[in-house]
file entry-v4.cif (mmCIF, C-alpha atoms and all ligand atoms)
data_entry
loop_
_atom_site.label_atom_id
_atom_site.label_comp_id
_atom_site.auth_asym_id
_atom_site.auth_seq_id
_atom_site.Cartn_x
_atom_site.Cartn_y
_atom_site.Cartn_z
CA THR A 1 40.02 -11.97 -5.29
CA PRO A 2 37.49 -14.04 -3.38
CA ALA A 3 35.99 -12.43 -0.31
CA GLU A 4 37.64 -13.62 2.84
CA THR A 5 35.52 -15.47 5.32
CA PRO A 6 36.06 -13.83 8.68
CA THR A 7 37.33 -16.16 11.34
CA ALA A 8 34.72 -17.24 13.80
CA ASP A 9 36.18 -15.48 16.82
CA VAL A 10 33.21 -13.16 17.32
CA ARG A 11 30.13 -14.41 19.09
CA LEU A 12 26.86 -13.15 17.68
CA PRO A 13 24.14 -12.14 20.13
CA LEU A 14 21.65 -14.77 19.02
CA ARG A 15 18.33 -14.38 20.80
CA PRO A 16 18.00 -16.91 23.65
CA GLY A 17 15.85 -19.80 22.52
CA LEU A 18 17.16 -19.81 18.94
CA GLU A 19 20.40 -21.65 19.74
CA GLY A 20 21.01 -24.66 17.54
CA LEU A 21 17.72 -24.34 15.65
CA GLU A 22 17.48 -25.34 11.99
CA PRO A 23 15.34 -23.41 9.49
CA TYR A 24 11.96 -25.05 8.90
CA GLY A 25 11.24 -26.78 5.60
CA ALA A 26 10.73 -30.12 3.94
CA PRO A 27 13.76 -31.46 2.05
CA GLN A 28 13.81 -30.03 -1.52
CA LEU A 29 15.14 -33.06 -3.39
CA ASP A 30 15.42 -33.59 -7.12
CA VAL A 31 13.08 -36.57 -7.43
CA PRO A 32 10.72 -37.49 -10.32
CA VAL A 33 7.53 -37.73 -8.24
CA LEU A 34 7.10 -34.92 -5.69
CA LEU A 35 4.24 -35.62 -3.30
CA ASN A 36 5.67 -34.05 -0.16
CA VAL A 37 4.48 -30.45 0.26
CA ASN A 38 0.81 -30.55 -0.77
CA GLU A 39 1.32 -28.57 -3.94
CA ASN A 40 -1.12 -28.63 -6.81
CA PRO A 41 0.51 -30.90 -9.41
CA TYR A 42 -0.90 -28.97 -12.38
CA PRO A 43 1.20 -26.05 -13.66
CA PRO A 44 -0.58 -23.06 -15.21
CA SER A 45 -1.45 -23.34 -18.92
CA GLU A 46 0.39 -21.42 -21.64
CA ALA A 47 -2.49 -18.94 -21.80
CA VAL A 48 -2.32 -18.23 -18.06
CA VAL A 49 1.47 -17.99 -18.17
CA ALA A 50 1.23 -15.49 -21.05
CA ASP A 51 -1.28 -13.34 -19.21
CA ILE A 52 0.77 -13.33 -15.99
CA ALA A 53 3.90 -12.46 -17.96
CA ASP A 54 2.06 -9.62 -19.67
CA ALA A 55 0.71 -8.25 -16.39
CA VAL A 56 4.16 -8.41 -14.80
CA ALA A 57 5.68 -6.65 -17.83
CA ARG A 58 3.17 -3.81 -17.48
CA ALA A 59 3.90 -3.54 -13.76
CA ALA A 60 7.62 -3.46 -14.55
CA HIS A 61 7.23 -0.05 -16.20
CA GLY A 62 6.41 1.36 -12.77
CA LEU A 63 9.02 -0.48 -10.73
CA ASN A 64 10.83 2.77 -9.90
CA ARG A 65 7.84 3.51 -7.64
CA TYR A 66 6.76 1.68 -4.50
CA PRO A 67 3.64 -0.46 -4.99
CA ASP A 68 0.12 0.29 -3.73
CA ARG A 69 0.63 -0.21 0.00
CA ASP A 70 -2.99 -1.12 0.61
CA PHE A 71 -3.36 -3.24 -2.59
CA LEU A 72 -7.03 -2.37 -2.83
CA GLU A 73 -7.56 -3.77 -6.31
CA LEU A 74 -6.19 -7.13 -5.23
CA ARG A 75 -8.28 -7.12 -2.02
CA THR A 76 -11.39 -6.36 -4.11
CA GLU A 77 -10.72 -9.30 -6.41
CA LEU A 78 -9.97 -11.66 -3.51
CA ALA A 79 -13.26 -10.60 -1.89
CA GLU A 80 -15.05 -11.34 -5.16
CA TYR A 81 -13.40 -14.77 -5.31
CA LEU A 82 -14.55 -15.57 -1.76
CA ARG A 83 -18.07 -14.47 -2.67
CA VAL A 84 -18.15 -16.86 -5.61
CA GLU A 85 -16.42 -19.76 -3.82
CA SER A 86 -18.24 -19.65 -0.49
CA GLY A 87 -21.31 -17.51 -1.13
CA VAL A 88 -20.22 -15.08 1.58
CA ASP A 89 -20.30 -11.34 0.94
CA VAL A 90 -17.12 -9.72 2.19
CA GLY A 91 -15.94 -6.23 1.29
CA ALA A 92 -12.39 -5.35 0.23
CA GLU A 93 -11.81 -3.70 3.63
CA GLN A 94 -12.45 -7.11 5.23
CA VAL A 95 -9.67 -8.77 3.27
CA TRP A 96 -5.98 -8.82 4.10
CA ALA A 97 -3.13 -10.42 2.17
CA ALA A 98 0.57 -11.14 2.49
CA ASN A 99 3.37 -13.27 1.08
CA GLY A 100 1.72 -16.63 1.69
CA SER A 101 -0.75 -17.38 4.45
CA ASN A 102 2.31 -18.04 6.61
CA GLU A 103 2.91 -14.30 6.63
CA VAL A 104 -0.79 -13.55 7.13
CA MET A 105 -0.74 -15.66 10.30
CA LEU A 106 2.51 -14.10 11.42
CA HIS A 107 0.77 -10.71 11.13
CA LEU A 108 -2.05 -12.07 13.30
CA LEU A 109 0.37 -13.10 16.02
CA GLN A 110 2.35 -9.86 15.71
CA ALA A 111 -0.88 -7.94 16.28
CA PHE A 112 -2.52 -10.11 18.93
CA GLY A 113 0.23 -12.24 20.48
CA GLY A 114 3.41 -11.11 22.21
CA PRO A 115 5.20 -11.55 25.54
CA GLY A 116 2.95 -12.79 28.33
CA ARG A 117 0.33 -14.01 25.88
CA ASN A 118 -0.66 -17.50 24.71
CA VAL A 119 -1.58 -18.93 21.35
CA LEU A 120 -3.61 -22.12 21.64
CA SER A 121 -3.78 -24.85 19.02
CA PHE A 122 -4.44 -28.59 18.95
CA ALA A 123 -1.79 -31.14 17.98
CA PRO A 124 -0.95 -32.78 15.70
CA THR A 125 -1.19 -29.73 13.50
CA TYR A 126 0.81 -27.58 11.07
CA SER A 127 4.40 -27.47 12.25
CA MET A 128 4.87 -23.78 11.39
CA TYR A 129 2.41 -22.70 14.09
CA PRO A 130 4.88 -23.03 16.99
CA GLU A 131 7.35 -21.03 14.88
CA TYR A 132 4.94 -18.09 14.51
CA ALA A 133 4.64 -18.22 18.29
CA ARG A 134 8.40 -18.35 18.83
CA ASP A 135 9.05 -15.50 16.40
CA THR A 136 6.49 -13.22 18.08
CA LEU A 137 7.51 -14.18 21.64
CA THR A 138 4.06 -15.64 22.21
CA ALA A 139 3.80 -18.75 24.39
CA TRP A 140 2.76 -21.85 22.43
CA VAL A 141 0.10 -24.05 24.03
CA ALA A 142 -0.96 -27.27 22.31
CA GLY A 143 -4.09 -29.08 23.38
CA ARG A 144 -4.80 -32.52 21.97
CA ARG A 145 -6.82 -34.04 19.19
CA GLU A 146 -8.78 -37.26 19.61
CA ALA A 147 -7.55 -40.58 18.16
CA ASP A 148 -9.41 -39.80 14.91
CA PHE A 149 -7.85 -36.28 14.91
CA THR A 150 -11.15 -34.50 15.57
CA LEU A 151 -11.52 -31.92 18.34
CA ASP A 152 -13.33 -32.65 21.58
CA LEU A 153 -15.26 -29.50 22.45
CA THR A 154 -15.12 -30.07 26.20
CA HIS A 155 -11.33 -30.26 26.01
CA VAL A 156 -11.20 -27.17 23.77
CA ARG A 157 -13.34 -25.18 26.20
CA GLU A 158 -11.19 -26.30 29.15
CA GLN A 159 -8.01 -25.28 27.33
CA ILE A 160 -9.43 -21.87 26.48
CA ALA A 161 -10.58 -21.29 30.06
CA GLU A 162 -7.23 -22.43 31.47
CA HIS A 163 -4.89 -20.53 29.15
CA ARG A 164 -6.91 -17.42 28.23
CA PRO A 165 -5.25 -17.39 24.80
CA ALA A 166 -4.96 -14.23 22.72
CA VAL A 167 -5.27 -16.40 19.62
CA VAL A 168 -6.81 -19.82 18.99
CA LEU A 169 -5.28 -21.24 15.82
CA LEU A 170 -7.29 -23.97 14.07
CA ALA A 171 -6.40 -25.50 10.72
CA SER A 172 -9.44 -26.78 8.85
CA PRO A 173 -8.74 -28.99 7.00
CA ASN A 174 -5.89 -29.69 9.37
CA ASN A 175 -2.36 -30.43 8.22
CA PRO A 176 -1.06 -33.18 8.42
CA THR A 177 -4.25 -35.07 9.22
CA GLY A 178 -6.72 -33.68 6.63
CA THR A 179 -9.44 -33.28 9.28
CA ALA A 180 -12.03 -30.55 8.63
CA LEU A 181 -13.89 -28.94 11.52
CA PRO A 182 -17.68 -29.08 11.47
CA LEU A 183 -19.18 -25.60 11.38
CA GLU A 184 -20.85 -26.21 14.75
CA THR A 185 -17.44 -26.81 16.31
CA VAL A 186 -16.03 -23.55 14.96
CA GLU A 187 -19.14 -21.74 16.09
CA ALA A 188 -18.92 -23.23 19.60
CA ILE A 189 -15.24 -22.26 19.83
CA CYS A 190 -16.08 -18.69 18.75
CA GLU A 191 -18.68 -18.56 21.51
CA ALA A 192 -16.26 -19.98 24.08
CA ALA A 193 -13.68 -17.36 23.02
CA VAL A 194 -15.83 -14.36 23.96
CA ASP A 195 -14.32 -12.69 27.05
CA ALA A 196 -11.88 -15.61 27.27
CA GLY A 197 -8.78 -13.82 25.97
CA PRO A 198 -6.18 -11.85 27.92
CA THR A 199 -7.18 -8.92 30.10
CA GLY A 200 -7.27 -5.63 28.22
CA PRO A 201 -5.70 -2.32 29.33
CA ASP A 202 -8.94 -1.33 31.09
CA GLY A 203 -8.86 -4.50 33.18
CA ALA A 204 -11.76 -6.08 31.28
CA PRO A 205 -11.33 -9.39 29.45
CA THR A 206 -10.91 -9.37 25.67
CA ALA A 207 -12.04 -12.06 23.26
CA ALA A 208 -9.55 -14.61 21.99
CA VAL A 209 -9.11 -14.16 18.24
CA VAL A 210 -10.21 -17.40 16.56
CA VAL A 211 -8.19 -18.06 13.40
CA VAL A 212 -9.45 -20.76 11.07
CA ASP A 213 -6.67 -21.61 8.64
CA GLU A 214 -8.43 -22.83 5.49
CA ALA A 215 -5.32 -23.22 3.35
CA TYR A 216 -6.93 -26.39 1.96
CA GLY A 217 -10.51 -25.12 2.20
CA GLU A 218 -11.36 -25.57 -1.47
CA PHE A 219 -10.68 -29.32 -1.25
CA ARG A 220 -13.29 -29.92 1.44
CA ARG A 221 -15.98 -32.49 0.73
CA GLU A 222 -19.59 -31.57 -0.08
CA GLY A 223 -21.55 -30.49 2.95
CA VAL A 224 -18.61 -29.05 4.90
CA PRO A 225 -19.27 -25.28 4.78
CA SER A 226 -16.41 -22.81 5.11
CA ALA A 227 -15.96 -20.92 8.38
CA LEU A 228 -16.38 -17.83 6.19
CA THR A 229 -20.13 -18.34 6.61
CA LEU A 230 -19.72 -17.45 10.32
CA LEU A 231 -17.92 -14.15 9.75
CA GLY A 232 -21.02 -11.98 10.11
CA ARG A 233 -21.71 -13.36 13.58
CA HIS A 234 -18.28 -13.37 15.21
CA PRO A 235 -16.16 -10.19 15.09
CA HIS A 236 -13.18 -12.05 16.63
CA LEU A 237 -13.07 -14.65 13.83
CA ALA A 238 -10.49 -14.55 11.02
CA VAL A 239 -10.50 -17.07 8.15
CA SER A 240 -7.22 -17.52 6.33
CA ARG A 241 -6.85 -18.79 2.75
CA THR A 242 -4.05 -19.14 0.22
CA MET A 243 -3.44 -19.22 -3.52
CA SER A 244 -0.74 -21.87 -2.92
CA LYS A 245 -2.93 -24.96 -3.01
CA ALA A 246 -6.23 -25.06 -4.94
CA PHE A 247 -5.10 -22.21 -7.24
CA GLY A 248 -1.84 -23.98 -7.97
CA MET A 249 0.18 -20.82 -7.28
CA ALA A 250 2.54 -21.85 -4.46
CA GLY A 251 5.42 -20.08 -6.18
CA LEU A 252 3.53 -16.79 -6.21
CA ARG A 253 3.44 -16.49 -2.39
CA LEU A 254 -0.01 -15.01 -1.87
CA GLY A 255 -2.12 -15.77 1.18
CA TYR A 256 -5.07 -13.78 2.47
CA LEU A 257 -7.76 -13.67 5.13
CA ALA A 258 -11.22 -12.35 5.73
CA ALA A 259 -12.31 -10.79 9.03
CA THR A 260 -13.92 -7.58 10.25
CA PRO A 261 -12.50 -4.26 9.00
CA ALA A 262 -11.46 -3.50 12.61
CA LEU A 263 -9.40 -6.69 12.85
CA VAL A 264 -7.82 -6.01 9.46
CA ASP A 265 -6.92 -2.49 10.62
CA HIS A 266 -4.87 -3.99 13.46
CA LEU A 267 -2.93 -6.12 10.95
CA ARG A 268 -2.18 -3.04 8.87
CA VAL A 269 -0.27 -1.66 11.86
CA VAL A 270 2.24 -4.54 12.02
CA ARG A 271 2.87 -5.22 8.34
CA LEU A 272 6.03 -3.87 6.76
CA PRO A 273 5.33 -1.03 4.33
CA TYR A 274 4.91 -2.28 0.73
CA HIS A 275 5.13 -5.91 1.84
CA LEU A 276 3.33 -7.08 -1.31
CA SER A 277 5.52 -6.21 -4.28
CA ALA A 278 4.08 -4.71 -7.46
CA VAL A 279 5.14 -7.91 -9.23
CA THR A 280 3.24 -10.07 -6.74
CA GLN A 281 0.14 -7.89 -6.96
CA ALA A 282 0.15 -7.91 -10.77
CA ALA A 283 0.72 -11.67 -10.99
CA ALA A 284 -1.95 -12.41 -8.38
CA LEU A 285 -4.51 -10.24 -10.17
CA ALA A 286 -3.76 -11.95 -13.47
CA ALA A 287 -4.04 -15.40 -11.84
CA LEU A 288 -7.36 -14.43 -10.25
CA ARG A 289 -8.73 -13.48 -13.68
CA HIS A 290 -8.09 -17.11 -14.68
CA ARG A 291 -9.49 -18.64 -11.53
CA GLY A 292 -12.01 -20.76 -13.44
CA GLU A 293 -9.26 -22.52 -15.32
CA LEU A 294 -6.83 -22.66 -12.39
CA MET A 295 -9.45 -24.20 -10.12
CA ALA A 296 -10.69 -26.64 -12.74
CA GLN A 297 -8.53 -29.43 -11.32
CA VAL A 298 -9.89 -29.14 -7.77
CA ALA A 299 -12.76 -31.55 -8.44
CA SER A 300 -10.47 -34.14 -10.03
CA LEU A 301 -7.96 -33.80 -7.18
CA ARG A 302 -10.76 -34.43 -4.70
CA ALA A 303 -11.86 -37.53 -6.62
CA GLU A 304 -8.24 -38.68 -6.84
CA ARG A 305 -7.89 -38.23 -3.06
CA ASP A 306 -11.03 -40.23 -2.28
CA ALA A 307 -9.88 -43.03 -4.58
CA LEU A 308 -6.45 -43.05 -2.92
CA VAL A 309 -8.02 -43.23 0.55
CA GLY A 310 -10.10 -46.20 -0.64
CA TRP A 311 -7.10 -47.95 -2.18
CA LEU A 312 -4.98 -47.57 0.96
CA ARG A 313 -7.82 -48.86 3.15
CA ASP A 314 -8.45 -51.79 0.82
CA HIS A 315 -4.83 -52.73 1.46
CA GLY A 316 -5.46 -52.80 5.18
CA LEU A 317 -3.80 -49.52 6.10
CA GLU A 318 -5.19 -46.94 8.49
CA VAL A 319 -6.11 -43.73 6.75
CA ALA A 320 -7.30 -40.48 8.34
CA GLU A 321 -10.47 -38.94 6.88
CA SER A 322 -9.27 -36.22 4.50
CA ASP A 323 -10.87 -33.01 3.27
CA ALA A 324 -7.55 -31.79 1.88
CA ASN A 325 -5.28 -32.58 -1.07
CA PHE A 326 -3.21 -35.03 0.97
CA VAL A 327 -3.72 -38.21 2.90
CA LEU A 328 -2.23 -39.34 6.22
CA PHE A 329 -1.78 -43.10 6.35
CA GLY A 330 -0.07 -45.75 8.47
CA LEU A 331 0.65 -47.24 10.83
CA PHE A 332 4.20 -48.40 10.27
CA PRO A 333 6.51 -49.80 12.93
CA ASP A 334 9.35 -48.02 11.07
CA ARG A 335 7.93 -45.22 8.98
CA HIS A 336 11.33 -43.91 8.02
CA GLU A 337 12.10 -47.18 6.28
CA VAL A 338 8.89 -46.92 4.23
CA TRP A 339 9.57 -43.25 3.42
CA ASN A 340 13.08 -44.11 2.34
CA GLY A 341 11.97 -47.10 0.25
CA LEU A 342 9.61 -44.81 -1.66
CA LEU A 343 12.38 -42.23 -2.12
CA GLU A 344 14.67 -44.92 -3.54
CA ARG A 345 11.93 -45.57 -6.10
CA GLY A 346 11.72 -41.90 -7.06
CA VAL A 347 8.70 -40.94 -4.96
CA LEU A 348 9.12 -38.25 -2.31
CA ILE A 349 6.44 -38.08 0.40
CA ARG A 350 6.54 -36.57 3.90
CA GLU A 351 7.56 -38.11 7.16
CA VAL A 352 5.34 -36.02 9.39
CA GLY A 353 2.58 -36.40 11.94
CA PRO A 354 2.39 -38.75 14.91
CA GLU A 355 4.86 -41.64 15.06
CA GLY A 356 4.03 -44.36 12.55
CA TRP A 357 2.13 -42.18 10.05
CA LEU A 358 3.19 -40.83 6.67
CA ARG A 359 1.61 -38.11 4.54
CA VAL A 360 1.27 -38.19 0.77
CA SER A 361 0.02 -35.31 -1.37
CA VAL A 362 -2.50 -35.98 -4.12
CA GLY A 363 -0.78 -35.70 -7.49
CA THR A 364 -1.73 -36.35 -11.09
CA PRO A 365 -3.13 -39.82 -11.90
CA GLN A 366 0.34 -40.75 -13.22
CA GLU A 367 2.00 -39.63 -9.99
CA THR A 368 -0.55 -41.51 -7.90
CA ALA A 369 0.10 -44.62 -9.99
CA ALA A 370 3.84 -44.25 -9.41
CA PHE A 371 3.25 -43.86 -5.66
CA LYS A 372 1.03 -46.96 -5.53
CA ALA A 373 3.50 -49.05 -7.52
CA ALA A 374 6.37 -47.96 -5.28
CA LEU A 375 4.38 -48.61 -2.10
CA GLU A 376 3.40 -52.09 -3.32
CA GLU A 377 7.07 -52.89 -3.78
CA VAL A 378 8.18 -51.41 -0.49
CA LEU A 379 5.50 -53.23 1.51
CA GLY A 380 5.90 -56.43 -0.53
CA TRP A 381 2.22 -56.57 -1.55
N1 LIG A 401 -1.52 -23.47 6.58
C1 LIG A 401 -1.38 -24.77 6.41
C2 LIG A 401 -2.24 -25.69 7.22
C3 LIG A 401 -0.44 -25.27 5.51
O1 LIG A 401 -0.29 -26.59 5.37
C4 LIG A 401 0.35 -24.37 4.76
C5 LIG A 401 1.38 -24.82 3.75
N2 LIG A 401 1.96 -26.01 3.90
C6 LIG A 401 0.18 -23.01 5.00
C7 LIG A 401 -0.77 -22.59 5.90
C8 LIG A 401 1.04 -21.97 4.36
O2 LIG A 401 0.89 -21.86 3.02
P1 LIG A 401 1.31 -20.57 2.22
O3 LIG A 401 2.23 -19.75 3.07
O4 LIG A 401 1.96 -21.09 0.99
O5 LIG A 401 0.03 -19.84 1.95
#

call {"tool": "encode", "arguments": {"input": "entry-v4.cif", "output": "structure tokens"}}
result
Amino acid sequence: TPAETPTADVRLPLRPGLEGLEPYGAPQLDVPVLLNVNENPYPPSEAVVADIADAVARAAHGLNRYPDRDFLELRTELAEYLRVESGVDVGAEQVWAANGSNEVMLHLLQAFGGPGRNVLSFAPTYSMYPEYARDTLTAWVAGRREADFTLDLTHVREQIAEHRPAVVLLASPNNPTGTALPLETVEAICEAAVDAGPTGPDGAPTAAVVVVDEAYGEFRREGVPSALTLLGRHPHLAVSRTMSKAFGMAGLRLGYLAATPALVDHLRVVRLPYHLSAVTQAAALAALRHRGELMAQVASLRAERDALVGWLRDHGLEVAESDANFVLFGLFPDRHEVWNGLLERGVLIREVGPEGWLRVSVGTPQETAAFKAALEEVLGW
């Protein structure tokens, strides 16, 4: 017999502030060309799939046991990857990981945010940030970006001084705009954050933790160094990365960060025990062994992005400078109509960002061609 649905005569004690809210997420539609969530369009090869499957099978023999809570082997390999990718020496004890960088940043706000505290960011930016704030009872404060989506340092310093944030959250490259922060800007913000956080238990000011979210870091253009290069100088800096984008492993759910061992120790306090499953750890380690192959498409995706930016500009559209694997373009008097016209032609992009703009992820050359053809039709070019 089917389970009976209880009648709705009991009121659940939903936390104030959550009334009527919808869960976050882009529509997951069954459409031929998916360019809406900044995924890597290239699936892993048969060889990588076989190796991951093998590693997971070996881990499966031990699934009666809880996994390594501190996942030291994985942290060691992530540290090694960062050393190769950015030339920055970080030890395993400086690395933290969780189920996607979303969870890494939630850990940061669980450890450093909380009631009576502020998290400061600069809009437009990644729409999950206010949700981390909401879920950790941290107040969300959004400063502004300039018309070209860069940050004005004077404004940033004023916002820090005014709000004494516990955390300053900066995406670089930023989503949905693609804007990367110059290293000097990150450095200046780290300096402004010293003694600019909330008052500590001894009555003395703390530093604001500066989080640079480099989810799209590997797609940055030549000459834009990673904020990882500043780690040695700023103990209140954390740089977050993910295997979801450049690695092409969004389905794996593995994000990580690098910071000081002391900062990482604070995150270890708030994580749930065994939050990274043995399956996740095994699959991530296997994927990291194939990083050369998995990352091979990064250069072509960058080239594809730059060509797409050029093509959109040649057609008279406004396009934000992008260091990521997506492009924000506009301006449309009715962006929904354009988005919908593309969808009707089998191309799903994202209606996100300031009014009038749309965001398209960089796909394979075939997907880009389909996007261009659809856009030409929709705009009557
Ligand atoms: N940061 C930014 C700026 C993002 O755009 C995303 C994904 N859209 C994430 C973090 C989270 O990615 P994940 O949880 O898959 O690591």

call {"tool": "residues_around", "arguments": {"input": "entry-v4.cif", "residues": "region 214-216 of chain A", "least_positions_apart": "4", "cutoff": "10 Å", "atoms": "only C-alpha atoms", "output": "PDB file with C-alpha atoms, in the coordinates of the input"}}
result
ATOM      1  CA  ASN A  38       0.810 -30.550  -0.770  1.00  0.00           C
ATOM      2  CA  GLY A 100       1.720 -16.630   1.690  1.00  0.00           C
ATOM      3  CA  SER A 101      -0.750 -17.380   4.450  1.00  0.00           C
ATOM      4  CA  ASN A 102       2.310 -18.040   6.610  1.00  0.00           C
ATOM      5  CA  LEU A 170      -7.290 -23.970  14.070  1.00  0.00           C
ATOM      6  CA  ALA A 171      -6.400 -25.500  10.720  1.00  0.00           C
ATOM      7  CA  SER A 172      -9.440 -26.780   8.850  1.00  0.00           C
ATOM      8  CA  PRO A 173      -8.740 -28.990   7.000  1.00  0.00           C
ATOM      9  CA  ASN A 174      -5.890 -29.690   9.370  1.00  0.00           C
ATOM     10  CA  ASN A 175      -2.360 -30.430   8.220  1.00  0.00           C
ATOM     11  CA  GLY A 178      -6.720 -33.680   6.630  1.00  0.00           C
ATOM     12  CA  ALA A 180     -12.030 -30.550   8.630  1.00  0.00           C
ATOM     13  CA  ARG A 220     -13.290 -29.920   1.440  1.00  0.00           C
ATOM     14  CA  SER A 226     -16.410 -22.810   5.110  1.00  0.00           C
ATOM     15  CA  ALA A 227     -15.960 -20.920   8.380  1.00  0.00           C
ATOM     16  CA  LEU A 228     -16.380 -17.830   6.190  1.00  0.00           C
ATOM     17  CA  VAL A 239     -10.500 -17.070   8.150  1.00  0.00           C
ATOM     18  CA  SER A 240      -7.220 -17.520   6.330  1.00  0.00           C
ATOM     19  CA  ARG A 241      -6.850 -18.790   2.750  1.00  0.00           C
ATOM     20  CA  THR A 242      -4.050 -19.140   0.220  1.00  0.00           C
ATOM     21  CA  MET A 243      -3.440 -19.220  -3.520  1.00  0.00           C
ATOM     22  CA  SER A 244      -0.740 -21.870  -2.920  1.00  0.00           C
ATOM     23  CA  LYS A 245      -2.930 -24.960  -3.010  1.00  0.00           C
ATOM     24  CA  ALA A 246      -6.230 -25.060  -4.940  1.00  0.00           C
ATOM     25  CA  GLY A 255      -2.120 -15.770   1.180  1.00  0.00           C
ATOM     26  CA  TYR A 256      -5.070 -13.780   2.470  1.00  0.00           C
ATOM     27  CA  LEU A 257      -7.760 -13.670   5.130  1.00  0.00           C
ATOM     28  CA  ASP A 323     -10.870 -33.010   3.270  1.00  0.00           C
ATOM     29  CA  ALA A 324      -7.550 -31.790   1.880  1.00  0.00           C
ATOM     30  CA  ASN A 325      -5.280 -32.580  -1.070  1.00  0.00           C
ATOM     31  CA  PHE A 326      -3.210 -35.030   0.970  1.00  0.00           C
TER      32      PHE A 326
END

call {"tool": "atom_distance", "arguments": {"input": "entry-v4.cif", "atom1": "CA of Gly113 (chain A)", "atom2": "CA of Leu267 (chain A)"}}
result
11.8 Å

call {"tool": "residues_around", "arguments": {"input": "entry-v4.cif", "residues": "region 28-30 of chain A", "least_positions_apart": "5", "cutoff": "12 Å", "atoms": "all atoms listed in the file", "output": "list in words"}}
result
Leu35, Asn36, Val37, Leu343, Glu344, Gly346, Val347, Leu348, Ile349 and Arg350 of chain A

call {"tool": "closest_residue", "arguments": {"input": "entry-v4.cif", "among": "A:Gly251, A:Pro333, A:Gly363, A:Pro44", "to": "ligand LIG 401 (chain A)", "atoms": "only C-alpha atoms and all ligand atoms"}}
result
A:Gly251

call {"tool": "atom_distance", "arguments": {"input": "entry-v4.cif", "atom1": "CA of Ala370 (chain A)", "atom2": "CA of Val33 (chain A)"}}
result
7.6 Å

call {"tool": "axis_aligned_box", "arguments": {"input": "entry-v4.cif", "around": "ligand LIG 401 (chain A)", "padding_each_side": "6 Å", "output": "JSON"}}
result
{"center_x": 0.0, "center_y": -23.2, "center_z": 4.1, "size_x": 16.5, "size_y": 18.8, "size_z": 18.2}

call {"tool": "closest_residue", "arguments": {"input": "entry-v4.cif", "among": "A:Glu39, A:Asp70, A:Glu355, A:Glu146", "to": "ligand LIG 401 (chain A)", "atoms": "only C-alpha atoms and all ligand atoms"}}
result
A:Glu39

call {"tool": "atom_distance", "arguments": {"input": "entry-v4.cif", "atom1": "CA of Thr179 (chain A)", "atom2": "CA of Trp96 (chain A)"}}
result
25.2 Å

call {"tool": "residues_around", "arguments": {"input": "entry-v4.cif", "residues": "region 162-167 of chain A", "least_positions_apart": "4", "cutoff": "7 Å", "atoms": "all atoms listed in the file", "output": "list in words"}}
result
Phe112, Gly113, Arg117, Asn118, Val119, Leu120, Glu158, Ala196, Gly197, Pro198, Ala208, Val209 and Val210 of chain A

call {"tool": "closest_residue", "arguments": {"input": "entry-v4.cif", "among": "A:Gly341, A:Gly248, A:Gly310, A:Pro261", "to": "ligand LIG 401 (chain A)", "atoms": "only C-alpha atoms and all ligand atoms"}}
result
A:Gly248

call {"tool": "residues_around", "arguments": {"input": "entry-v4.cif", "residues": "Ala286 (chain A)", "least_positions_apart": "5", "cutoff": "10 Å", "atoms": "all atoms listed in the file", "output": "NGL selection string"}}
result
:A and (48-56 or 74 or 280-281 or 291)

call {"tool": "write_last_selection", "arguments": {"input": "entry-v4.cif", "atoms": "C-alpha atoms", "output": "PDB file, keeping the file's coordinate frame"}}
result
ATOM      1  CA  VAL A  48      -2.320 -18.230 -18.060  1.00  0.00           C
ATOM      2  CA  VAL A  49       1.470 -17.990 -18.170  1.00  0.00           C
ATOM      3  CA  ALA A  50       1.230 -15.490 -21.050  1.00  0.00           C
ATOM      4  CA  ASP A  51      -1.280 -13.340 -19.210  1.00  0.00           C
ATOM      5  CA  ILE A  52       0.770 -13.330 -15.990  1.00  0.00           C
ATOM      6  CA  ALA A  53       3.900 -12.460 -17.960  1.00  0.00           C
ATOM      7  CA  ASP A  54       2.060  -9.620 -19.670  1.00  0.00           C
ATOM      8  CA  ALA A  55       0.710  -8.250 -16.390  1.00  0.00           C
ATOM      9  CA  VAL A  56       4.160  -8.410 -14.800  1.00  0.00           C
ATOM     10  CA  LEU A  74      -6.190  -7.130  -5.230  1.00  0.00           C
ATOM     11  CA  THR A 280       3.240 -10.070  -6.740  1.00  0.00           C
ATOM     12  CA  GLN A 281       0.140  -7.890  -6.960  1.00  0.00           C
ATOM     13  CA  ARG A 291      -9.490 -18.640 -11.530  1.00  0.00           C
TER      14      ARG A 291
END

call {"tool": "closest_residue", "arguments": {"input": "entry-v4.cif", "among": "A:Val360, A:Leu78, A:Ala98, A:Ala238", "to": "ligand LIG 401 (chain A)", "atoms": "all atoms listed in the file"}}
result
A:Ala98

call {"tool": "residues_around", "arguments": {"input": "entry-v4.cif", "residues": "Val95 (chain A)", "least_positions_apart": "2", "cutoff": "8 Å", "atoms": "only C-alpha atoms", "output": "JSON, numbers by chain"}}
result
{"A": [75, 76, 78, 79, 90, 91, 92, 93, 97, 256, 257, 258, 259, 261, 264]}

call {"tool": "residues_near_point", "arguments": {"input": "entry-v4.cif", "point": "(-5.4, -28.6, 20.4)", "cutoff": "7 Å", "atoms": "only C-alpha atoms", "output": "mmCIF file with C-alpha atoms, in the frame of the given file"}}
result
data_model
loop_
_atom_site.group_PDB
_atom_site.id
_atom_site.type_symbol
_atom_site.label_atom_id
_atom_site.label_comp_id
_atom_site.auth_asym_id
_atom_site.auth_seq_id
_atom_site.Cartn_x
_atom_site.Cartn_y
_atom_site.Cartn_z
ATOM 1 C CA LEU A 120 -3.610 -22.120 21.640
ATOM 2 C CA SER A 121 -3.780 -24.850 19.020
ATOM 3 C CA PHE A 122 -4.440 -28.590 18.950
ATOM 4 C CA ALA A 123 -1.790 -31.140 17.980
ATOM 5 C CA ALA A 142 -0.960 -27.270 22.310
ATOM 6 C CA GLY A 143 -4.090 -29.080 23.380
ATOM 7 C CA ARG A 144 -4.800 -32.520 21.970
ATOM 8 C CA ARG A 145 -6.820 -34.040 19.190
ATOM 9 C CA VAL A 156 -11.200 -27.170 23.770
#
